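So this block is target-v4.cif, mmCIF, C-alpha atoms:
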data_entry
#
loop_
_atom_site.label_atom_id
_atom_site.label_comp_id
_atom_site.auth_asym_id
_atom_site.auth_seq_id
_atom_site.Cartn_x
_atom_site.Cartn_y
_atom_site.Cartn_z
CA MET A 1 105.04 87.34 75.46
CA LYS A 2 104.23 88.05 79.12
CA THR A 3 104.66 85.65 82.01
CA ILE A 4 101.77 85.48 84.50
CA LYS A 5 102.70 87.08 87.81
CA GLY A 6 102.26 85.42 91.15
CA PRO A 7 101.40 83.72 93.29
CA ALA A 8 99.07 86.24 94.91
CA ILE A 9 96.27 85.84 97.43
CA PHE A 10 92.86 87.50 97.90
CA LEU A 11 92.73 88.46 101.58
CA ALA A 12 88.94 88.64 101.92
CA GLN A 13 88.47 85.10 103.20
CA PHE A 14 91.37 85.28 105.66
CA ALA A 15 90.94 88.59 107.50
CA GLY A 16 89.73 88.08 111.05
CA ASP A 17 89.76 89.37 114.59
CA GLU A 18 92.73 87.33 115.78
CA ALA A 19 96.42 87.55 114.85
CA PRO A 20 97.89 87.17 112.33
CA PHE A 21 94.74 88.03 110.38
CA ASN A 22 93.63 91.22 112.12
CA SER A 23 96.04 93.81 110.73
CA LEU A 24 97.77 94.54 107.45
CA GLU A 25 101.22 94.19 109.00
CA SER A 26 100.58 90.75 110.46
CA ILE A 27 98.57 89.29 107.59
CA ALA A 28 101.21 90.50 105.15
CA GLY A 29 103.86 88.64 107.12
CA TRP A 30 101.70 85.51 107.12
CA ALA A 31 101.10 85.65 103.35
CA SER A 32 104.75 86.30 102.60
CA ALA A 33 105.87 83.39 104.74
CA LEU A 34 103.66 81.10 102.66
CA GLY A 35 105.40 82.23 99.48
CA TYR A 36 102.93 84.76 98.10
CA LYS A 37 104.27 87.74 96.15
CA GLY A 38 101.11 89.81 95.91
CA VAL A 39 97.83 90.49 97.73
CA GLN A 40 94.42 91.52 96.46
CA MET A 41 92.85 93.84 98.99
CA PRO A 42 89.20 93.80 100.20
CA SER A 43 88.42 97.51 100.40
CA TRP A 44 85.56 97.06 102.90
CA ASP A 45 87.64 95.53 105.69
CA GLY A 46 88.82 98.30 107.97
CA ARG A 47 91.13 95.95 109.84
CA LEU A 48 93.35 95.89 106.76
CA PHE A 49 92.54 98.95 104.67
CA ASP A 50 90.85 102.36 104.88
CA LEU A 51 89.21 103.15 101.53
CA LYS A 52 88.29 106.71 102.47
CA LYS A 53 91.87 107.52 103.45
CA ALA A 54 93.23 105.86 100.33
CA SER A 55 90.93 107.94 98.13
CA GLU A 56 92.08 111.17 99.77
CA SER A 57 95.72 110.63 100.71
CA LYS A 58 98.62 109.44 98.58
CA ASP A 59 100.72 109.40 101.75
CA TYR A 60 98.40 106.77 103.23
CA CYS A 61 98.62 104.79 99.99
CA ASP A 62 102.38 104.92 100.16
CA GLU A 63 102.20 103.64 103.74
CA VAL A 64 100.08 100.68 102.66
CA LYS A 65 102.46 99.82 99.84
CA GLY A 66 105.38 100.27 102.21
CA VAL A 67 103.98 97.77 104.72
CA LEU A 68 103.49 95.23 101.93
CA ALA A 69 106.90 95.91 100.40
CA SER A 70 108.56 95.30 103.78
CA HIS A 71 107.31 91.74 103.46
CA GLY A 72 108.23 91.39 99.80
CA LEU A 73 104.65 91.84 98.62
CA GLU A 74 102.91 93.96 95.98
CA LEU A 75 99.32 95.18 95.98
CA THR A 76 97.69 93.59 92.93
CA GLU A 77 94.23 95.18 92.97
CA LEU A 78 91.55 96.55 95.24
CA SER A 79 88.24 94.72 95.51
CA THR A 80 84.78 96.24 95.97
CA HIS A 81 82.77 93.03 95.65
CA LEU A 82 80.39 93.93 98.47
CA GLN A 83 79.91 97.55 97.46
CA GLY A 84 79.49 96.68 93.78
CA GLN A 85 76.74 94.25 94.70
CA LEU A 86 74.82 97.16 96.21
CA VAL A 87 74.89 99.28 93.06
CA ALA A 88 71.96 97.18 91.85
CA VAL A 89 69.83 95.14 94.26
CA HIS A 90 66.47 93.61 93.40
CA PRO A 91 63.96 94.23 96.24
CA ALA A 92 63.77 90.46 96.86
CA TYR A 93 67.34 90.66 98.18
CA ASP A 94 67.08 93.87 100.20
CA ASP A 95 67.33 92.15 103.57
CA ALA A 96 69.95 89.63 102.46
CA PHE A 97 72.35 92.26 101.16
CA ASP A 98 71.66 95.02 103.67
CA GLY A 99 74.48 93.81 105.90
CA PHE A 100 77.01 94.65 103.16
CA ALA A 101 76.33 98.36 103.65
CA ALA A 102 77.46 100.88 106.25
CA PRO A 103 75.14 100.82 109.31
CA GLU A 104 73.82 104.32 108.67
CA VAL A 105 72.28 103.41 105.28
CA ARG A 106 70.84 99.99 106.10
CA GLY A 107 67.10 99.70 105.62
CA ASN A 108 67.15 102.53 103.07
CA PRO A 109 67.69 101.14 99.56
CA GLN A 110 68.16 104.55 97.93
CA ALA A 111 70.71 105.72 100.51
CA ARG A 112 72.42 102.33 100.32
CA GLN A 113 72.80 102.57 96.56
CA GLU A 114 74.17 106.12 96.80
CA TRP A 115 76.66 104.93 99.42
CA ALA A 116 77.72 102.06 97.15
CA VAL A 117 78.29 104.38 94.20
CA ASP A 118 80.37 106.69 96.40
CA GLN A 119 82.42 103.69 97.50
CA LEU A 120 83.15 102.78 93.88
CA MET A 121 84.08 106.36 93.07
CA ARG A 122 86.46 106.35 96.01
CA ALA A 123 87.89 103.05 94.84
CA ALA A 124 88.67 104.58 91.46
CA LYS A 125 90.56 107.43 93.10
CA ALA A 126 92.28 105.08 95.56
CA SER A 127 93.40 102.84 92.70
CA GLU A 128 94.88 105.86 90.98
CA ASN A 129 96.66 106.93 94.17
CA LEU A 130 98.04 103.42 94.57
CA GLY A 131 99.22 103.22 90.96
CA LEU A 132 96.93 100.25 90.20
CA THR A 133 95.70 99.48 86.69
CA ALA A 134 92.86 97.04 87.42
CA HIS A 135 90.04 96.76 89.94
CA VAL A 136 87.59 93.94 90.74
CA THR A 137 83.92 94.21 91.67
CA PHE A 138 80.47 92.67 91.27
CA SER A 139 77.86 94.09 88.92
CA GLY A 140 74.87 93.65 91.19
CA ALA A 141 71.64 92.24 89.82
CA LEU A 142 68.16 93.41 88.86
CA ALA A 143 67.14 90.53 86.58
CA TRP A 144 68.55 87.59 88.56
CA PRO A 145 65.21 86.55 90.16
CA TYR A 146 63.99 85.93 86.61
CA ILE A 147 66.95 83.77 85.52
CA TYR A 148 64.66 80.81 84.79
CA PRO A 149 61.82 81.75 82.42
CA TRP A 150 58.92 80.40 84.45
CA PRO A 151 56.52 82.02 84.54
CA GLN A 152 57.31 83.35 81.12
CA ARG A 153 59.21 86.63 81.30
CA PRO A 154 57.24 89.56 79.87
CA PRO A 155 58.81 91.04 76.72
CA GLY A 156 61.41 93.70 77.48
CA LEU A 157 61.95 92.79 81.14
CA VAL A 158 65.58 91.72 80.75
CA GLU A 159 66.33 94.54 78.33
CA THR A 160 64.98 97.10 80.79
CA ALA A 161 67.07 95.57 83.59
CA PHE A 162 70.27 95.75 81.57
CA ASP A 163 69.51 99.29 80.38
CA GLU A 164 69.22 100.35 84.01
CA LEU A 165 72.30 98.39 85.07
CA ALA A 166 74.42 100.10 82.40
CA LYS A 167 72.96 103.50 83.33
CA ARG A 168 74.03 103.04 86.95
CA TRP A 169 77.52 101.85 86.09
CA ARG A 170 78.39 104.30 83.30
CA PRO A 171 79.48 107.19 85.60
CA ILE A 172 81.51 104.75 87.68
CA MET A 173 83.11 103.33 84.55
CA ASP A 174 84.06 106.82 83.42
CA ALA A 175 85.62 107.53 86.82
CA PHE A 176 87.81 104.44 86.50
CA ASP A 177 88.72 105.50 82.98
CA ALA A 178 89.85 108.89 84.32
CA ALA A 179 91.90 107.03 86.93
CA GLY A 180 93.60 104.92 84.25
CA CYS A 181 92.20 101.72 85.72
CA ASP A 182 90.24 98.82 84.22
CA LEU A 183 86.99 97.95 86.01
CA CYS A 184 86.77 94.15 86.04
CA TYR A 185 83.53 92.37 86.87
CA GLU A 186 83.74 88.95 88.44
CA ILE A 187 81.47 86.89 86.21
CA HIS A 188 79.45 85.13 88.88
CA PRO A 189 76.06 83.48 89.42
CA GLY A 190 73.86 85.79 91.46
CA GLU A 191 75.06 88.77 89.39
CA ASP A 192 73.39 89.93 86.21
CA LEU A 193 76.82 89.46 84.62
CA HIS A 194 77.10 85.72 85.17
CA ASP A 195 78.34 84.41 81.79
CA GLY A 196 79.70 85.62 78.47
CA VAL A 197 76.31 86.41 76.93
CA THR A 198 75.24 88.65 79.82
CA PHE A 199 78.62 90.38 79.83
CA GLU A 200 78.16 91.14 76.13
CA MET A 201 74.66 92.50 76.75
CA PHE A 202 76.08 94.88 79.34
CA LEU A 203 79.13 95.81 77.28
CA GLU A 204 76.96 96.68 74.28
CA ARG A 205 74.94 99.10 76.38
CA LEU A 206 78.18 100.76 77.47
CA GLY A 207 79.25 101.27 73.85
CA ASN A 208 82.04 98.69 74.21
CA HIS A 209 83.67 100.86 76.87
CA PRO A 210 87.40 100.03 76.93
CA ARG A 211 87.47 99.96 80.75
CA CYS A 212 84.68 97.37 81.00
CA ASN A 213 86.53 94.11 81.58
CA MET A 214 86.41 90.75 83.33
CA LEU A 215 87.77 88.87 86.27
CA TYR A 216 88.19 85.28 85.11
CA ASP A 217 87.36 82.61 87.69
CA PRO A 218 86.89 79.13 86.20
CA SER A 219 85.15 77.76 89.29
CA HIS A 220 82.00 79.75 88.49
CA TYR A 221 81.98 78.30 84.99
CA VAL A 222 82.40 74.69 86.12
CA LEU A 223 79.29 75.11 88.28
CA GLN A 224 77.38 76.35 85.19
CA ALA A 225 78.73 73.60 82.88
CA LEU A 226 80.24 76.37 80.75
CA ASP A 227 83.35 75.77 78.61
CA TYR A 228 85.88 77.77 80.61
CA LEU A 229 88.77 77.17 78.18
CA GLU A 230 86.86 78.38 75.13
CA HIS A 231 85.78 81.34 77.25
CA ILE A 232 89.43 82.45 77.29
CA ASP A 233 89.59 82.12 73.50
CA ILE A 234 86.55 84.38 73.16
CA TYR A 235 87.22 87.00 75.83
CA HIS A 236 90.99 87.07 76.36
CA ASP A 237 91.17 90.71 75.33
CA ARG A 238 88.80 91.60 78.16
CA ILE A 239 90.25 89.34 80.88
CA LYS A 240 92.40 91.53 83.12
CA ILE A 241 92.23 89.72 86.50
CA PHE A 242 92.50 86.00 87.25
CA HIS A 243 91.17 84.23 90.35
CA VAL A 244 92.67 80.78 90.76
CA LYS A 245 89.88 78.75 92.34
CA ASP A 246 88.92 75.11 91.92
CA ALA A 247 85.48 73.49 91.76
CA GLU A 248 83.69 70.31 90.80
CA LEU A 249 80.33 69.43 89.30
CA ASN A 250 79.09 65.90 90.03
CA PRO A 251 75.44 65.71 88.93
CA THR A 252 73.41 62.74 90.11
CA GLY A 253 69.97 61.34 89.54
CA ARG A 254 68.79 63.58 92.34
CA GLN A 255 70.36 66.98 91.62
CA GLY A 256 72.29 69.01 89.07
CA VAL A 257 73.52 72.57 88.65
CA TYR A 258 70.80 74.11 90.83
CA GLY A 259 71.92 72.15 93.88
CA GLY A 260 68.55 71.29 95.38
CA TYR A 261 68.83 74.02 98.08
CA GLN A 262 71.50 71.91 99.76
CA SER A 263 74.47 73.10 101.81
CA TRP A 264 77.73 73.51 99.92
CA VAL A 265 79.09 70.17 101.04
CA ASN A 266 75.96 68.39 99.72
CA ARG A 267 75.66 70.18 96.39
CA ALA A 268 76.46 68.58 93.03
CA GLY A 269 78.49 71.69 92.25
CA ARG A 270 80.85 72.89 94.96
CA PHE A 271 84.04 74.87 95.41
CA ARG A 272 87.26 73.06 96.30
CA SER A 273 90.81 73.96 97.26
CA LEU A 274 93.34 74.05 94.45
CA GLY A 275 94.05 70.63 92.99
CA ASP A 276 91.10 68.97 94.73
CA GLY A 277 88.52 69.78 92.05
CA GLN A 278 88.03 69.33 88.31
CA VAL A 279 89.45 72.53 86.83
CA ASP A 280 92.11 72.04 84.13
CA PHE A 281 94.61 74.60 85.38
CA VAL A 282 97.34 73.37 83.00
CA GLY A 283 95.03 74.30 80.13
CA ILE A 284 94.09 77.63 81.70
CA PHE A 285 97.64 78.76 82.45
CA SER A 286 98.69 77.66 78.95
CA LYS A 287 95.91 79.61 77.25
CA LEU A 288 96.35 82.76 79.33
CA THR A 289 100.12 82.66 78.77
CA GLY A 290 99.64 82.08 75.05
CA TYR A 291 97.39 85.14 74.84
CA GLY A 292 99.89 87.25 76.76
CA PHE A 293 97.82 87.76 79.92
CA ASP A 294 99.65 90.48 81.83
CA GLY A 295 98.37 90.05 85.35
CA TRP A 296 98.48 88.15 88.60
CA ALA A 297 97.36 84.63 89.44
CA VAL A 298 95.36 85.31 92.62
CA LEU A 299 94.26 82.54 94.96
CA GLU A 300 90.68 82.90 96.10
CA TRP A 301 90.08 80.29 98.77
CA GLU A 302 86.58 78.85 99.00
CA CYS A 303 86.33 75.18 99.86
CA CYS A 304 83.49 73.21 101.41
CA LEU A 305 85.90 70.78 103.08
CA LYS A 306 89.47 71.96 103.61
CA HIS A 307 90.63 74.44 106.27
CA PRO A 308 91.47 77.84 104.76
CA GLU A 309 94.98 77.96 106.19
CA ASP A 310 95.76 74.60 104.59
CA GLY A 311 94.26 75.79 101.32
CA ALA A 312 96.36 78.95 101.44
CA ARG A 313 99.57 77.06 102.20
CA GLU A 314 99.03 74.55 99.41
CA GLY A 315 97.77 77.23 97.03
CA ALA A 316 101.00 79.22 96.89
CA THR A 317 102.95 76.18 95.73
CA PHE A 318 100.18 75.11 93.34
CA ILE A 319 100.12 78.49 91.59
CA ARG A 320 103.89 78.80 91.46
CA ASP A 321 104.16 75.36 89.86
CA HIS A 322 101.61 76.28 87.19
CA ILE A 323 103.11 79.61 86.13
CA ILE A 324 104.85 79.18 82.78
CA ARG A 325 108.17 80.94 82.29
CA VAL A 326 107.92 81.98 78.66
CA THR A 327 110.71 80.77 76.42
CA GLU A 328 112.74 83.30 74.46
CA LYS A 329 113.56 80.93 71.62
CA ALA A 330 111.91 78.21 69.57
CA PHE A 331 112.61 74.60 70.52
CA ASP A 332 114.02 73.85 67.06
CA ASP A 333 116.34 76.86 66.80
CA PHE A 334 119.28 74.46 66.91
CA ALA A 335 118.30 73.22 63.45
CA ASP A 336 118.08 76.66 61.88
CA ALA A 337 120.34 76.62 58.81
CA GLY A 338 119.72 80.24 57.95
CA SER A 339 118.20 81.41 54.69
CA ASP A 340 117.60 84.27 52.32
CA GLU A 341 115.08 85.07 49.60
CA GLY A 342 117.15 83.41 46.94
CA ALA A 343 117.42 80.19 48.96
CA ASN A 344 113.69 80.27 49.69
CA ARG A 345 112.89 80.52 45.98
CA ARG A 346 115.26 77.65 45.12
CA MET A 347 113.65 75.46 47.83
CA LEU A 348 110.24 76.12 46.29
CA GLY A 349 111.44 75.51 42.71
CA ILE A 350 110.67 79.09 41.72
CA ALA A 351 112.88 80.45 38.94
#

Let me see whether you can do it: turn the structure in this file into structure tokens.
Amino acid sequence: MKTIKGPAIFLAQFAGDEAPFNSLESIAGWASALGYKGVQMPSWDGRLFDLKKASESKDYCDEVKGVLASHGLELTELSTHLQGQLVAVHPAYDDAFDGFAAPEVRGNPQARQEWAVDQLMRAAKASENLGLTAHVTFSGALAWPYIYPWPQRPPGLVETAFDELAKRWRPIMDAFDAAGCDLCYEIHPGEDLHDGVTFEMFLERLGNHPRCNMLYDPSHYVLQALDYLEHIDIYHDRIKIFHVKDAELNPTGRQGVYGGYQSWVNRAGRFRSLGDGQVDFVGIFSKLTGYGFDGWAVLEWECCLKHPEDGAREGATFIRDHIIRVTEKAFDDFADAGSDEGANRRMLGIA
């Protein structure tokens, strides 16, 4: 049985314009000093990583791994959350998501989508060059504006959306397959893949593609009132990446899971730093360990109250304390008296 690796940290929320967050060398030193052993890399942030170079040059990839290794760190996965979002954008969100794209394709949805697909293709090649076996992204969304069936959805609307979503992702999925890398969708509200049912709808349209997998983040399930422990029982074979993020859902007589258009601090459901929310991480680490999850425990910091640097510092210890070192023997081995078939038959009264 495998032991979960970690702690690791997703750098997306920490990269910035000031030291130590403005270069790979300095942010790696910062993460290492906090006790992290791995980093998940946002591929869109040029201050830390050049996706184009990584897709074309193994020497550059070796340089990146060398910088991390000099601080005792490993690269866990690349992330294309922002680019994946742009593979499928409903027109209602054109303006909101346009800023995720390169400046030269903004305002042009077709060019933006083509750019996003090229980014994912490059990420597949970069992952191969880096020797990575998993990658995290968003699915994008065509059907999300129709999540609540009022007015009544016309027959076939959702099916058409998922047919198109699978059509757009199939070539990308095949590219990751050729690169020997699992493509893991973060199951997330706002994406068409936002729970187990929608993931299954997508997976079916991809013919149960072996590279179509999940990033498991319990915080997004708490905010949906979804059973995040049973989710592991159902989908453990498809869970390849784990974001360790806390959340809480405190519905009142005034608001519930939809949040009443309030700011994060005033929502019934909100993200919290590790240990400050409601997620049963003892149960999660136990289930993932029991199923032999062979991956990293990656802190994703999003909290409506606590400073990110405090969340990062506390998070390394929190994850380390929850990782279960798998035992190599049964607790009652001391009482093993030994046996053989003859003894077994005598114990059962079988002649």

Taking only residues of region 103-154 of chain A that have an atom at most 10 Å from an atom of region 66-88 of chain A, what is each one's shortest atom pair and its distance in Å to one decimal, using only C-alpha atoms, in chain and number order, as a Markdown table?
| residue | atom | partner | partner_atom | distance |
| --- | --- | --- | --- | --- |
| A:Pro109 | CA | A:Leu86 | CA | 8.8 |
| A:Gln110 | CA | A:Val87 | CA | 9.8 |
| A:Arg112 | CA | A:Leu86 | CA | 7.0 |
| A:Gln113 | CA | A:Val87 | CA | 5.2 |
| A:Glu114 | CA | A:Val87 | CA | 7.8 |
| A:Trp115 | CA | A:Gln83 | CA | 8.3 |
| A:Ala116 | CA | A:Gln83 | CA | 5.0 |
| A:Val117 | CA | A:Val87 | CA | 6.2 |
| A:Asp118 | CA | A:Gln83 | CA | 9.2 |
| A:Gln119 | CA | A:Gln83 | CA | 6.6 |
| A:Leu120 | CA | A:Thr80 | CA | 7.1 |
| A:Ala123 | CA | A:Leu78 | CA | 7.5 |
| A:Ala124 | CA | A:Leu78 | CA | 9.3 |
| A:Ala126 | CA | A:Leu78 | CA | 8.6 |
| A:Ser127 | CA | A:Leu78 | CA | 7.0 |
| A:Leu130 | CA | A:Leu75 | CA | 8.5 |
| A:Gly131 | CA | A:Leu75 | CA | 9.5 |
| A:Leu132 | CA | A:Glu77 | CA | 6.4 |
| A:Thr133 | CA | A:Glu77 | CA | 7.8 |
| A:Ala134 | CA | A:Glu77 | CA | 6.0 |
| A:His135 | CA | A:Glu77 | CA | 5.4 |
| A:Val136 | CA | A:Ser79 | CA | 4.9 |
| A:Thr137 | CA | A:His81 | CA | 4.3 |
| A:Phe138 | CA | A:Gly84 | CA | 4.8 |
| A:Ser139 | CA | A:Gly84 | CA | 5.7 |
| A:Gly140 | CA | A:Gln85 | CA | 4.0 |
| A:Ala141 | CA | A:Ala88 | CA | 5.4 |
| A:Leu142 | CA | A:Ala88 | CA | 6.1 |
| A:Ala143 | CA | A:Ala88 | CA | 9.8 |

Quick one: apply the PyMOL selection byres ((chain A and resi 280) around 12) to the file and drop the selected residues here as a ChimeraX atom specification. /A:218-219,221-222,227-229,244-248,274-279,281-287,322

Would you please work out which residue, of A:Phe202, A:Phe21, A:Tyr36, A:Trp144, is nearest to Leu48 (chain A) when using only C-alpha atoms? A:Phe21

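Selection result for the displayed file, with the PyMOL selection byres ((chain A and resi 298) around 9) as criterion, is A:Lys5, A:Gly6, A:Pro7, A:Ala8, A:Ile9, A:Phe10, A:Gly38, A:Val39, A:Gln40, A:Thr76, A:Ile241, A:Phe242, A:His243, A:Val244, A:Lys245, A:Trp296, A:Ala297, A:Leu299, A:Glu300, A:Ile319.
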
Restricting the calculation to all atoms listed in the file: of A:Pro210, A:Pro42, A:Gly338, A:Gly29, which residue gets closest to Asp177 (chain A)?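 Of the candidates, the smallest distance to Asp177 (chain A) is held by A:Pro210.
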
Minimum-distance residue to Thr3 (chain A), chosen among A:Trp150, A:Tyr291, A:Trp264, A:Phe318 (using only C-alpha atoms): A:Tyr291

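Nearest residue to Val89 (chain A) among A:Glu309, A:Gln152, A:Gly190, A:Leu249 is A:Gly190, counting all atoms listed in the file.
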
Have a look at CA of Asp310 (chain A) and CA of Gln13 (chain A) and let me know their distance in Å, one decimal.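 These two atoms are separated by 12.9 Å.
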
When distances are computed from only C-alpha atoms, which of A:Arg267, A:His209, A:Lys58, A:His236 shows the smallest separation from Glu128 (chain A)? A:Lys58

Point-to-point distance in Å for CA of Asp192 (chain A) and CA of Phe97 (chain A): 15.2 Å

Hey, which of A:Trp30, A:Tyr216, A:Phe100, A:Phe14 ends up closest to Trp44 (chain A)? Count only C-alpha atoms.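 Among A:Trp30, A:Tyr216, A:Phe100, A:Phe14, it is A:Phe100 that comes nearest to Trp44 (chain A).
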
Box dimensions and centre (Å, one decimal) enclosing region 126-129 of chain A, axis-aligned, 8 Å extra per side, as AutoDock Vina command-line options:
--center_x 94.5 --center_y 104.9 --center_z 93.3 --size_x 20.4 --size_y 20.1 --size_z 20.6
